[in-house]
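Text of target33.cif, listed as mmCIF, C-alpha atoms:
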```cif
data_run
loop_
_atom_site.label_atom_id
_atom_site.label_comp_id
_atom_site.auth_asym_id
_atom_site.auth_seq_id
_atom_site.Cartn_x
_atom_site.Cartn_y
_atom_site.Cartn_z
CA MET A 1 -35.52 20.82 87.69
CA ARG A 2 -34.15 22.59 90.74
CA SER A 3 -30.54 22.26 89.61
CA GLU A 4 -28.17 19.95 87.79
CA ILE A 5 -24.72 18.82 88.91
CA THR A 6 -22.45 17.58 86.13
CA ILE A 7 -19.30 15.58 86.93
CA ASP A 8 -16.78 15.26 84.10
CA LEU A 9 -14.66 12.16 84.73
CA GLY A 10 -12.57 12.91 81.66
CA ALA A 11 -11.41 16.14 83.29
CA LEU A 12 -10.60 14.25 86.49
CA ARG A 13 -8.45 11.74 84.66
CA ARG A 14 -6.58 14.55 82.90
CA ASN A 15 -5.96 16.21 86.26
CA VAL A 16 -4.44 13.01 87.65
CA LYS A 17 -2.19 12.72 84.62
CA THR A 18 -1.15 16.36 84.99
CA LEU A 19 -0.21 15.70 88.61
CA LEU A 20 1.75 12.61 87.63
CA ARG A 21 3.76 14.62 85.10
CA THR A 22 4.40 17.33 87.67
CA LEU A 23 5.51 14.84 90.32
CA GLU A 24 8.01 13.17 87.98
CA GLY A 25 7.93 9.65 89.39
CA THR A 26 6.20 10.18 92.73
CA GLU A 27 2.95 8.26 93.05
CA VAL A 28 -0.40 10.04 93.13
CA TRP A 29 -2.73 8.91 95.89
CA ALA A 30 -6.22 10.25 95.24
CA VAL A 31 -8.03 11.59 98.30
CA VAL A 32 -11.73 10.81 97.92
CA LYS A 33 -12.97 11.57 101.43
CA ALA A 34 -16.24 13.48 102.02
CA ASN A 35 -17.84 11.77 99.02
CA GLY A 36 -14.95 12.78 96.79
CA TYR A 37 -15.12 16.41 97.98
CA GLY A 38 -18.77 16.38 96.97
CA HIS A 39 -18.06 15.00 93.50
CA GLY A 40 -18.98 11.34 94.10
CA ALA A 41 -16.42 9.08 95.77
CA VAL A 42 -16.82 5.81 93.91
CA GLU A 43 -16.95 7.17 90.36
CA CYS A 44 -14.11 9.62 91.00
CA ALA A 45 -12.01 6.94 92.68
CA ASP A 46 -12.47 4.58 89.76
CA ALA A 47 -11.53 7.31 87.26
CA ALA A 48 -8.47 8.33 89.29
CA LEU A 49 -7.20 4.75 89.38
CA ALA A 50 -7.74 4.41 85.63
CA ALA A 51 -5.60 7.53 85.13
CA GLY A 52 -2.68 6.19 87.16
CA ALA A 53 -3.40 6.91 90.82
CA THR A 54 -2.13 4.01 92.92
CA MET A 55 -3.92 4.52 96.25
CA LEU A 56 -7.27 5.89 97.43
CA CYS A 57 -7.45 7.84 100.68
CA THR A 58 -10.54 8.27 102.85
CA ALA A 59 -11.14 9.97 106.20
CA THR A 60 -13.05 7.13 107.87
CA VAL A 61 -13.33 3.37 107.83
CA PRO A 62 -16.99 3.50 106.64
CA GLU A 63 -15.85 5.61 103.66
CA GLY A 64 -13.19 3.00 102.92
CA LEU A 65 -15.70 0.17 103.19
CA GLU A 66 -18.00 1.90 100.70
CA LEU A 67 -15.14 2.01 98.20
CA ARG A 68 -14.14 -1.58 98.91
CA GLY A 69 -17.62 -2.76 98.02
CA GLU A 70 -17.31 -1.24 94.55
CA LEU A 71 -13.53 -1.47 93.99
CA PRO A 72 -12.48 -4.83 95.41
CA THR A 73 -8.82 -4.67 94.32
CA ALA A 74 -8.05 -1.03 95.06
CA ARG A 75 -5.46 -0.02 97.65
CA ILE A 76 -7.26 2.07 100.27
CA LEU A 77 -5.78 4.08 103.13
CA VAL A 78 -7.92 5.48 105.96
CA LEU A 79 -6.38 8.76 107.10
CA GLY A 80 -8.47 9.37 110.23
CA PRO A 81 -8.58 7.52 113.56
CA ALA A 82 -10.47 4.24 113.88
CA THR A 83 -12.29 2.64 116.80
CA ASN A 84 -11.54 -0.93 117.86
CA ARG A 85 -14.64 -2.16 116.08
CA GLU A 86 -13.65 -0.28 112.93
CA ILE A 87 -10.14 -1.74 113.08
CA ALA A 88 -11.65 -5.23 112.92
CA ARG A 89 -13.77 -4.24 109.92
CA ALA A 90 -10.76 -2.63 108.24
CA ARG A 91 -8.78 -5.83 108.76
CA ASP A 92 -11.50 -7.90 107.12
CA ALA A 93 -11.72 -5.48 104.17
CA GLU A 94 -7.93 -5.15 103.81
CA LEU A 95 -7.90 -1.41 104.38
CA ALA A 96 -4.69 0.26 105.50
CA LEU A 97 -4.87 2.51 108.57
CA VAL A 98 -3.04 5.59 109.82
CA VAL A 99 -2.01 5.48 113.49
CA SER A 100 -0.51 8.19 115.67
CA GLY A 101 0.98 6.28 118.59
CA ASP A 102 2.62 3.08 119.80
CA ASP A 103 -0.55 0.98 119.66
CA ILE A 104 -0.06 -0.80 116.33
CA PRO A 105 -3.03 -3.07 115.50
CA GLU A 106 -2.13 -6.55 114.31
CA GLY A 107 -3.09 -7.87 110.91
CA VAL A 108 -3.61 -4.41 109.40
CA ALA A 109 -1.22 -2.50 107.17
CA VAL A 110 -0.27 0.63 109.12
CA HIS A 111 1.07 4.05 108.17
CA VAL A 112 2.51 5.92 111.16
CA LYS A 113 1.77 9.63 111.29
CA ILE A 114 4.34 12.03 112.71
CA ASP A 115 3.25 15.48 113.88
CA THR A 116 5.76 17.94 112.44
CA GLY A 117 3.71 21.08 112.94
CA MET A 118 0.04 20.51 112.13
CA GLY A 119 -0.72 20.18 115.83
CA ARG A 120 -3.48 17.61 115.48
CA TRP A 121 -3.07 13.84 115.16
CA GLY A 122 0.41 12.44 114.94
CA ALA A 123 3.14 10.96 117.11
CA SER A 124 5.95 13.12 118.42
CA GLU A 125 8.38 10.30 117.75
CA LEU A 126 8.38 7.03 115.87
CA PRO A 127 7.16 3.89 117.62
CA SER A 128 9.24 0.75 117.76
CA PRO A 129 9.42 -0.98 114.37
CA ALA A 130 6.62 -3.47 113.83
CA ARG A 131 5.85 -5.91 111.06
CA GLU A 132 2.59 -4.14 110.23
CA ILE A 133 4.17 -0.71 109.62
CA VAL A 134 4.36 -0.16 105.86
CA GLY A 135 4.48 3.63 105.65
CA VAL A 136 5.40 6.87 107.42
CA MET A 137 3.67 10.20 106.83
CA THR A 138 3.06 13.72 108.05
CA HIS A 139 0.54 16.44 107.24
CA LEU A 140 1.57 19.89 106.05
CA ALA A 141 -0.21 22.85 107.63
CA THR A 142 0.77 25.72 105.32
CA ALA A 143 1.78 24.39 101.89
CA ASP A 144 -0.79 26.71 100.32
CA THR A 145 0.12 29.82 102.32
CA ASP A 146 3.59 29.64 103.92
CA LEU A 147 6.21 27.62 102.09
CA ALA A 148 8.89 28.44 104.65
CA PHE A 149 7.01 26.65 107.44
CA ALA A 150 6.11 23.82 105.06
CA ARG A 151 9.80 23.35 104.28
CA LEU A 152 10.54 23.26 108.01
CA GLN A 153 7.95 20.50 108.39
CA VAL A 154 9.50 18.58 105.51
CA GLU A 155 12.94 18.73 107.11
CA ARG A 156 11.55 17.66 110.48
CA PHE A 157 9.88 14.73 108.78
CA ARG A 158 12.98 13.79 106.80
CA GLU A 159 15.05 13.65 109.98
CA ALA A 160 12.43 11.87 112.08
CA SER A 161 11.60 9.27 109.43
CA ALA A 162 15.19 8.49 108.44
CA PRO A 163 15.24 5.19 110.44
CA LEU A 164 12.26 4.01 108.39
CA SER A 165 13.29 5.41 105.01
CA HIS A 166 12.94 1.93 103.51
CA LEU A 167 9.18 2.21 104.01
CA THR A 168 6.79 4.26 101.89
CA ARG A 169 7.05 7.91 102.95
CA HIS A 170 4.41 10.46 101.99
CA VAL A 171 4.08 14.13 102.87
CA ALA A 172 2.78 16.25 99.99
CA ASN A 173 -0.81 17.37 99.63
CA SER A 174 -2.12 19.08 96.48
CA ALA A 175 -0.42 22.40 97.23
CA ALA A 176 2.93 20.79 97.99
CA ALA A 177 2.67 18.52 94.96
CA LEU A 178 2.41 21.65 92.80
CA ARG A 179 4.84 23.98 94.60
CA LEU A 180 7.19 22.06 96.89
CA PRO A 181 9.33 19.44 95.11
CA GLU A 182 11.19 18.50 98.31
CA ALA A 183 7.92 17.25 99.79
CA ARG A 184 7.30 14.61 97.16
CA PHE A 185 9.05 11.57 98.67
CA ASP A 186 7.36 8.33 97.50
CA ALA A 187 3.76 9.48 97.15
CA ALA A 188 1.63 12.63 97.20
CA ARG A 189 -1.85 12.60 98.71
CA CYS A 190 -3.75 14.80 96.27
CA GLY A 191 -7.31 15.86 96.96
CA ILE A 192 -8.57 19.22 95.74
CA ALA A 193 -6.29 19.28 92.68
CA VAL A 194 -7.71 15.96 91.46
CA TYR A 195 -11.06 17.72 91.14
CA GLY A 196 -9.55 20.59 89.15
CA LEU A 197 -9.76 23.15 91.95
CA SER A 198 -6.84 25.31 93.02
CA PRO A 199 -5.46 24.75 96.53
CA PHE A 200 -4.32 28.38 96.36
CA GLY A 201 -7.72 29.89 95.53
CA THR A 202 -6.39 31.11 92.18
CA ASP A 203 -7.09 30.04 88.60
CA ALA A 204 -6.68 26.27 88.50
CA ALA A 205 -5.73 26.51 84.82
CA ASP A 206 -2.44 28.10 85.91
CA ASP A 207 -1.43 24.62 87.07
CA GLY A 208 -2.98 22.83 84.11
CA LEU A 209 -6.04 21.66 86.05
CA GLU A 210 -9.63 21.44 84.77
CA PRO A 211 -12.70 21.76 87.02
CA VAL A 212 -14.58 18.49 87.23
CA LEU A 213 -17.85 19.87 88.60
CA SER A 214 -20.32 22.25 87.02
CA TRP A 215 -23.62 23.38 88.52
CA THR A 216 -26.58 24.79 86.64
CA SER A 217 -30.14 25.80 87.43
CA GLU A 218 -32.82 27.93 85.78
CA ILE A 219 -35.03 30.92 86.33
CA ALA A 220 -38.16 29.71 88.13
CA SER A 221 -39.91 33.05 87.77
CA SER A 222 -39.22 36.71 87.04
CA LYS A 223 -40.59 39.46 89.23
CA LEU A 224 -40.69 43.22 88.72
CA LEU A 225 -39.68 45.17 91.81
CA ARG A 226 -40.89 48.74 91.83
CA ALA A 227 -38.55 51.38 93.26
CA GLY A 228 -38.46 50.92 97.03
CA GLU A 229 -39.61 47.29 96.95
CA SER A 230 -37.37 44.47 98.16
CA THR A 231 -36.70 40.77 97.71
CA GLY A 232 -35.79 38.20 100.33
CA TYR A 233 -35.51 38.04 104.10
CA GLY A 234 -34.37 41.13 105.92
CA ARG A 235 -34.96 43.42 102.91
CA LEU A 236 -31.22 43.35 102.22
CA TYR A 237 -31.87 44.37 98.63
CA ILE A 238 -34.17 47.30 97.95
CA ALA A 239 -34.63 48.34 94.33
CA GLU A 240 -33.48 51.90 93.70
CA ARG A 241 -35.52 51.93 90.50
CA ASP A 242 -37.92 49.53 88.78
CA THR A 243 -35.88 46.33 88.48
CA TRP A 244 -36.53 42.81 87.26
CA VAL A 245 -35.22 39.96 89.41
CA GLY A 246 -35.06 36.28 88.55
CA ILE A 247 -35.83 33.76 91.29
CA LEU A 248 -33.67 30.61 91.31
CA PRO A 249 -35.02 27.46 92.99
CA VAL A 250 -31.66 26.95 94.75
CA GLY A 251 -30.65 28.07 98.23
CA TYR A 252 -28.42 27.16 101.12
CA ALA A 253 -30.08 23.76 101.65
CA ALA A 254 -28.65 22.82 98.26
CA GLY A 255 -25.24 24.28 99.05
CA PHE A 256 -25.68 27.79 97.64
CA ARG A 257 -24.68 29.35 100.91
CA ARG A 258 -26.31 32.31 102.61
CA ASP A 259 -23.02 34.23 102.49
CA LEU A 260 -23.00 33.94 98.70
CA THR A 261 -25.03 37.10 98.34
CA GLY A 262 -23.12 39.30 95.92
CA PRO A 263 -21.35 36.87 93.53
CA GLU A 264 -22.29 36.59 89.91
CA VAL A 265 -23.94 33.73 88.07
CA ARG A 266 -24.47 33.49 84.33
CA VAL A 267 -28.05 33.91 83.13
CA ALA A 268 -28.60 33.04 79.46
CA GLY A 269 -24.87 33.50 78.98
CA THR A 270 -24.63 36.91 80.68
CA ARG A 271 -23.21 37.53 84.14
CA ARG A 272 -25.80 38.70 86.64
CA ARG A 273 -25.45 39.60 90.34
CA VAL A 274 -27.07 37.60 93.12
CA VAL A 275 -28.97 40.05 95.33
CA GLY A 276 -30.76 39.95 98.65
CA ALA A 277 -30.43 37.21 101.25
CA VAL A 278 -30.03 33.67 99.96
CA SER A 279 -32.75 31.63 101.64
CA MET A 280 -33.04 27.90 102.21
CA ASP A 281 -34.61 27.13 98.85
CA ALA A 282 -34.30 30.26 96.71
CA ALA A 283 -32.00 33.04 95.59
CA ALA A 284 -32.62 36.19 93.57
CA VAL A 285 -30.63 37.48 90.60
CA GLU A 286 -30.74 41.04 89.27
CA LEU A 287 -31.88 41.13 85.62
CA ASP A 288 -32.01 43.78 82.93
CA ARG A 289 -35.39 42.61 81.65
CA GLU A 290 -38.08 40.02 82.21
CA LEU A 291 -36.93 36.52 81.33
CA PRO A 292 -39.12 33.44 80.93
CA SER A 293 -39.21 30.55 83.35
CA GLY A 294 -36.69 27.91 82.33
CA THR A 295 -34.00 30.40 81.26
CA PRO A 296 -30.68 28.58 81.96
CA VAL A 297 -28.45 29.73 84.80
CA THR A 298 -24.86 28.64 85.37
CA ILE A 299 -23.84 28.76 89.01
CA VAL A 300 -20.45 27.06 88.57
CA GLY A 301 -18.97 26.25 85.20
CA ARG A 302 -16.67 27.33 82.42
CA GLY A 303 -15.64 30.93 83.02
CA LEU A 304 -17.38 30.94 86.41
CA PRO A 305 -15.08 28.96 88.74
CA LEU A 306 -15.89 27.83 92.24
CA GLU A 307 -12.82 29.79 93.40
CA GLU A 308 -14.70 32.99 92.54
CA HIS A 309 -17.59 32.07 94.83
CA ALA A 310 -15.16 31.08 97.57
CA ARG A 311 -13.57 34.53 97.54
CA VAL A 312 -16.99 36.18 97.92
CA ALA A 313 -17.92 33.86 100.80
CA GLY A 314 -14.55 34.29 102.50
CA THR A 315 -13.91 30.56 102.51
CA ILE A 316 -12.15 27.86 100.48
CA THR A 317 -13.30 25.80 97.53
CA TYR A 318 -13.05 22.62 99.62
CA GLU A 319 -15.91 23.78 101.86
CA LEU A 320 -18.13 24.92 99.01
CA ALA A 321 -17.62 21.75 96.96
CA CYS A 322 -18.34 19.49 99.94
CA GLY A 323 -21.49 21.46 100.71
CA ILE A 324 -23.19 21.09 97.32
CA ASP A 325 -26.14 18.71 97.68
CA SER A 326 -26.26 16.44 94.66
CA SER A 327 -28.84 14.05 96.12
CA GLN A 328 -31.86 13.20 93.99
CA THR A 329 -34.15 15.20 96.27
CA ARG A 330 -32.27 18.42 95.46
CA ALA A 331 -30.58 18.03 92.09
CA ARG A 332 -30.20 15.98 88.99
CA ARG A 333 -26.71 14.46 88.89
CA VAL A 334 -25.14 13.77 85.52
CA VAL A 335 -21.81 12.02 84.96
CA THR A 336 -20.04 12.67 81.67
CA ASP A 337 -16.73 11.61 80.18
CA SER A 338 -15.28 14.27 77.91
#
```

Mind turning this structure into structure tokens?
Amino acid sequence: MRSEITIDLGALRRNVKTLLRTLEGTEVWAVVKANGYGHGAVECADAALAAGATMLCTATVPEGLELRGELPTARILVLGPATNREIARARDAELALVVSGDDIPEGVAVHVKIDTGMGRWGASELPSPAREIVGVMTHLATADTDLAFARLQVERFREASAPLSHLTRHVANSAAALRLPEARFDAARCGIAVYGLSPFGTDAADDGLEPVLSWTSEIASSKLLRAGESTGYGRLYIAERDTWVGILPVGYAAGFRRDLTGPEVRVAGTRRRVVGAVSMDAAAVELDRELPSGTPVTIVGRGLPLEEHARVAGTITYELACGIDSSQTRARRVVTDS
């Protein structure tokens, strides 16, 4: 076994229910783009719906079509732009689309996106009312870092969308769902929080969330480095004294990034430091003694959150979660239901 990815659908359902309680009547729309943030789109989507989510959100039409094949009655909204050919396929599959201009496709349920400060997709003003328009939305840029600007975006949206207030209006992402009540409107598009990860890079338990993903591996071999000897490319780690290192069969090709040199993993229940350069298919861990092959290693799990790795790598949990390779060629994937 190179590594094992465990997805706890019970934790995901509890996260959705926690969000529903927090939102006090606002719908939860589960964002399952990028293969459910690396967790598995179809299984996570099904669990989210069972817990009370009322819409699934994807980034692309092909992602939406994958869900439609497995979840024929689910409401699905494609958040990203679609080509003409994709619009036709979305129409046939009864997917809803987000549009950012006056070109409203016929025969497709449409949510119009207003740019209130994200500076990407989105119309500067509302198009003329059309029969196909069923929703109005915007995208918050700083709900996790700057609530003042997020509130400004909310007020811009409230004013701009007032003529269409009879339609479904949705603004909040995970961060706003947890911290910005005025952003709730009719629905909140929750992604990272559904998977039990903090949008603020802090302890997700502070908001009552449980991590859905855990990642384990094992010691493939132990090696004694004599003082002055090194491990890995570039000799980034040179033993100051005789030191045992454990070699893990996991590297950046599996999602354990090269810039994750320095975090801790748990080896046989004890925290140990990752040392040297992470390579494509291996990483080294500093040990206090020789350990046998097969000794269990927790990379992400209880007491060792993904947020901790993200801080070391100088990135966000979203990127790390999406980058974990759970394909059969790299890992064993296990789905549980606690």

Shell of 9 Å around stretch 229-236 of chain A, only C-alpha atoms, local chain residues under 5 positions omitted, as number ranges by chain: A: 241-242, 245, 275-279, 282-284

Evaluate the PyMOL selection byres ((chain A and resi 172-178) around 6) and report residues as a list of chain:residue names: A:Ala143, A:Asp144, A:Val171, A:Arg179, A:Leu180, A:Ala183, A:Arg184, A:Ala188, A:Arg189, A:Cys190, A:Ala193, A:Pro199

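If you look at atom CA of A:Thr270 and atom CA of A:Arg302, they are 12.6 Å away from each other.
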
Result set, the PyMOL selection byres ((chain A and resi 101) around 10) on current file, as JSON, numbers by chain: {"A": [98, 99, 100, 102, 103, 104, 112, 113, 114, 121, 122, 123, 124, 125, 126, 127, 128]}

Computed interatomic separation between atom CA of A:Leu140 and atom CA of A:Ala205 (Å):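 It comes out at 23.4 Å.
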
Residue nearest A:Ser293 - candidates A:Thr58, A:Thr243, A:Ser327, A:Ser222, atoms counted: all atoms listed in the file: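 Of A:Thr58, A:Thr243, A:Ser327, A:Ser222, the one nearest A:Ser293, counting all atoms listed in the file, is A:Ser222.
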
Shortest interatomic distance to A:Arg13 - which of A:Ile299, A:Leu67, A:Ala90, A:Leu49, counting all atoms listed in the file: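 Under the stated criterion, the closest residue is A:Leu49.
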
Atomic distance atom CA of A:Leu209 - atom CA of A:Ser326, expressed in Å with one decimal: 22.6 Å

Option closest in space to A:Trp244, from A:Leu287, A:Ala220, A:Ala53, A:Leu12 [counting all atoms listed in the file]: A:Leu287

Neighbour list for stretch 77-89 of chain A as a ChimeraX atom specification, cut-off 10 Å, all atoms listed in the file, skip fewer than 5 positions in-chain: /A:29,31,33,55-65,94-100,105-111,113,121

Go ahead and save the residues from that selection, with C-alpha atoms, as a PDB file, in the coordinates of the input.
```pdb
ATOM      1  CA  TRP A  29      -2.730   8.910  95.890  1.00  0.00           C
ATOM      2  CA  VAL A  31      -8.030  11.590  98.300  1.00  0.00           C
ATOM      3  CA  LYS A  33     -12.970  11.570 101.430  1.00  0.00           C
ATOM      4  CA  MET A  55      -3.920   4.520  96.250  1.00  0.00           C
ATOM      5  CA  LEU A  56      -7.270   5.890  97.430  1.00  0.00           C
ATOM      6  CA  CYS A  57      -7.450   7.840 100.680  1.00  0.00           C
ATOM      7  CA  THR A  58     -10.540   8.270 102.850  1.00  0.00           C
ATOM      8  CA  ALA A  59     -11.140   9.970 106.200  1.00  0.00           C
ATOM      9  CA  THR A  60     -13.050   7.130 107.870  1.00  0.00           C
ATOM     10  CA  VAL A  61     -13.330   3.370 107.830  1.00  0.00           C
ATOM     11  CA  PRO A  62     -16.990   3.500 106.640  1.00  0.00           C
ATOM     12  CA  GLU A  63     -15.850   5.610 103.660  1.00  0.00           C
ATOM     13  CA  GLY A  64     -13.190   3.000 102.920  1.00  0.00           C
ATOM     14  CA  LEU A  65     -15.700   0.170 103.190  1.00  0.00           C
ATOM     15  CA  GLU A  94      -7.930  -5.150 103.810  1.00  0.00           C
ATOM     16  CA  LEU A  95      -7.900  -1.410 104.380  1.00  0.00           C
ATOM     17  CA  ALA A  96      -4.690   0.260 105.500  1.00  0.00           C
ATOM     18  CA  LEU A  97      -4.870   2.510 108.570  1.00  0.00           C
ATOM     19  CA  VAL A  98      -3.040   5.590 109.820  1.00  0.00           C
ATOM     20  CA  VAL A  99      -2.010   5.480 113.490  1.00  0.00           C
ATOM     21  CA  SER A 100      -0.510   8.190 115.670  1.00  0.00           C
ATOM     22  CA  PRO A 105      -3.030  -3.070 115.500  1.00  0.00           C
ATOM     23  CA  GLU A 106      -2.130  -6.550 114.310  1.00  0.00           C
ATOM     24  CA  GLY A 107      -3.090  -7.870 110.910  1.00  0.00           C
ATOM     25  CA  VAL A 108      -3.610  -4.410 109.400  1.00  0.00           C
ATOM     26  CA  ALA A 109      -1.220  -2.500 107.170  1.00  0.00           C
ATOM     27  CA  VAL A 110      -0.270   0.630 109.120  1.00  0.00           C
ATOM     28  CA  HIS A 111       1.070   4.050 108.170  1.00  0.00           C
ATOM     29  CA  LYS A 113       1.770   9.630 111.290  1.00  0.00           C
ATOM     30  CA  TRP A 121      -3.070  13.840 115.160  1.00  0.00           C
TER      31      TRP A 121
END
```

For A:Leu306, the nearest of the candidates A:Ser198, A:Thr26, A:Thr216, A:Thr6, counting only C-alpha atoms: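 Closest candidate: A:Ser198.
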
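Of the listed residues (A:Gly251, A:Gly10, A:Gly269, A:Pro263), A:Gly269 comes nearest to A:Val297; the distances count all atoms listed in the file.
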
Test item: residues at most 12 Å from A:Ser214, all atoms listed in the file, excluding those fewer than 5 positions along its chain, as number ranges by chain: A: 3-9, 11, 38-39, 195-197, 297-306, 321, 324, 326, 332-336

Keeping just C-alpha atoms, export stretch 38-88 of chain A of this structure as an mmCIF file, in the first residue's frame.
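The result, written out as selection37.cif:
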```cif
data_model
loop_
_atom_site.group_PDB
_atom_site.id
_atom_site.type_symbol
_atom_site.label_atom_id
_atom_site.label_comp_id
_atom_site.auth_asym_id
_atom_site.auth_seq_id
_atom_site.Cartn_x
_atom_site.Cartn_y
_atom_site.Cartn_z
ATOM 1 C CA GLY A 38 -10.691 16.006 -4.007
ATOM 2 C CA HIS A 39 -13.106 14.055 -1.812
ATOM 3 C CA GLY A 40 -15.192 12.376 -4.544
ATOM 4 C CA ALA A 41 -17.959 14.383 -6.202
ATOM 5 C CA VAL A 42 -20.727 11.833 -6.634
ATOM 6 C CA GLU A 43 -20.578 10.224 -3.195
ATOM 7 C CA CYS A 44 -20.207 13.577 -1.430
ATOM 8 C CA ALA A 45 -23.023 15.104 -3.472
ATOM 9 C CA ASP A 46 -25.352 12.238 -2.614
ATOM 10 C CA ALA A 47 -24.503 12.515 1.097
ATOM 11 C CA ALA A 48 -24.970 16.296 1.078
ATOM 12 C CA LEU A 49 -28.417 15.974 -0.480
ATOM 13 C CA ALA A 50 -29.381 13.329 2.072
ATOM 14 C CA ALA A 51 -28.399 15.764 4.848
ATOM 15 C CA GLY A 52 -30.584 18.575 3.520
ATOM 16 C CA ALA A 53 -28.610 20.386 0.818
ATOM 17 C CA THR A 54 -30.996 21.456 -1.940
ATOM 18 C CA MET A 55 -28.647 22.206 -4.849
ATOM 19 C CA LEU A 56 -25.317 20.907 -6.144
ATOM 20 C CA CYS A 57 -22.835 23.334 -7.693
ATOM 21 C CA THR A 58 -20.111 22.442 -10.172
ATOM 22 C CA ALA A 59 -17.551 24.521 -12.068
ATOM 23 C CA THR A 60 -18.129 23.027 -15.521
ATOM 24 C CA VAL A 61 -20.843 21.418 -17.585
ATOM 25 C CA PRO A 62 -18.918 18.093 -17.810
ATOM 26 C CA GLU A 63 -18.797 18.010 -13.993
ATOM 27 C CA GLY A 64 -22.542 18.598 -13.933
ATOM 28 C CA LEU A 65 -23.151 15.862 -16.480
ATOM 29 C CA GLU A 66 -21.162 13.389 -14.385
ATOM 30 C CA LEU A 67 -23.438 14.120 -11.438
ATOM 31 C CA ARG A 68 -26.574 13.946 -13.575
ATOM 32 C CA GLY A 69 -25.663 10.442 -14.674
ATOM 33 C CA GLU A 70 -25.642 9.260 -11.057
ATOM 34 C CA LEU A 71 -28.181 11.644 -9.484
ATOM 35 C CA PRO A 72 -30.975 12.000 -12.038
ATOM 36 C CA THR A 73 -33.300 14.134 -9.888
ATOM 37 C CA ALA A 74 -30.774 16.461 -8.263
ATOM 38 C CA ARG A 75 -30.819 20.210 -8.876
ATOM 39 C CA ILE A 76 -27.458 21.128 -10.391
ATOM 40 C CA LEU A 77 -26.021 24.582 -11.049
ATOM 41 C CA VAL A 78 -22.918 25.115 -13.206
ATOM 42 C CA LEU A 79 -21.017 28.101 -11.828
ATOM 43 C CA GLY A 80 -18.473 28.562 -14.631
ATOM 44 C CA PRO A 81 -18.911 29.695 -18.247
ATOM 45 C CA ALA A 82 -20.211 27.282 -20.872
ATOM 46 C CA THR A 83 -19.569 27.005 -24.604
ATOM 47 C CA ASN A 84 -22.437 26.852 -27.086
ATOM 48 C CA ARG A 85 -22.037 23.108 -27.395
ATOM 49 C CA GLU A 86 -22.045 22.739 -23.610
ATOM 50 C CA ILE A 87 -25.181 24.877 -23.340
ATOM 51 C CA ALA A 88 -26.995 22.397 -25.578
#
```
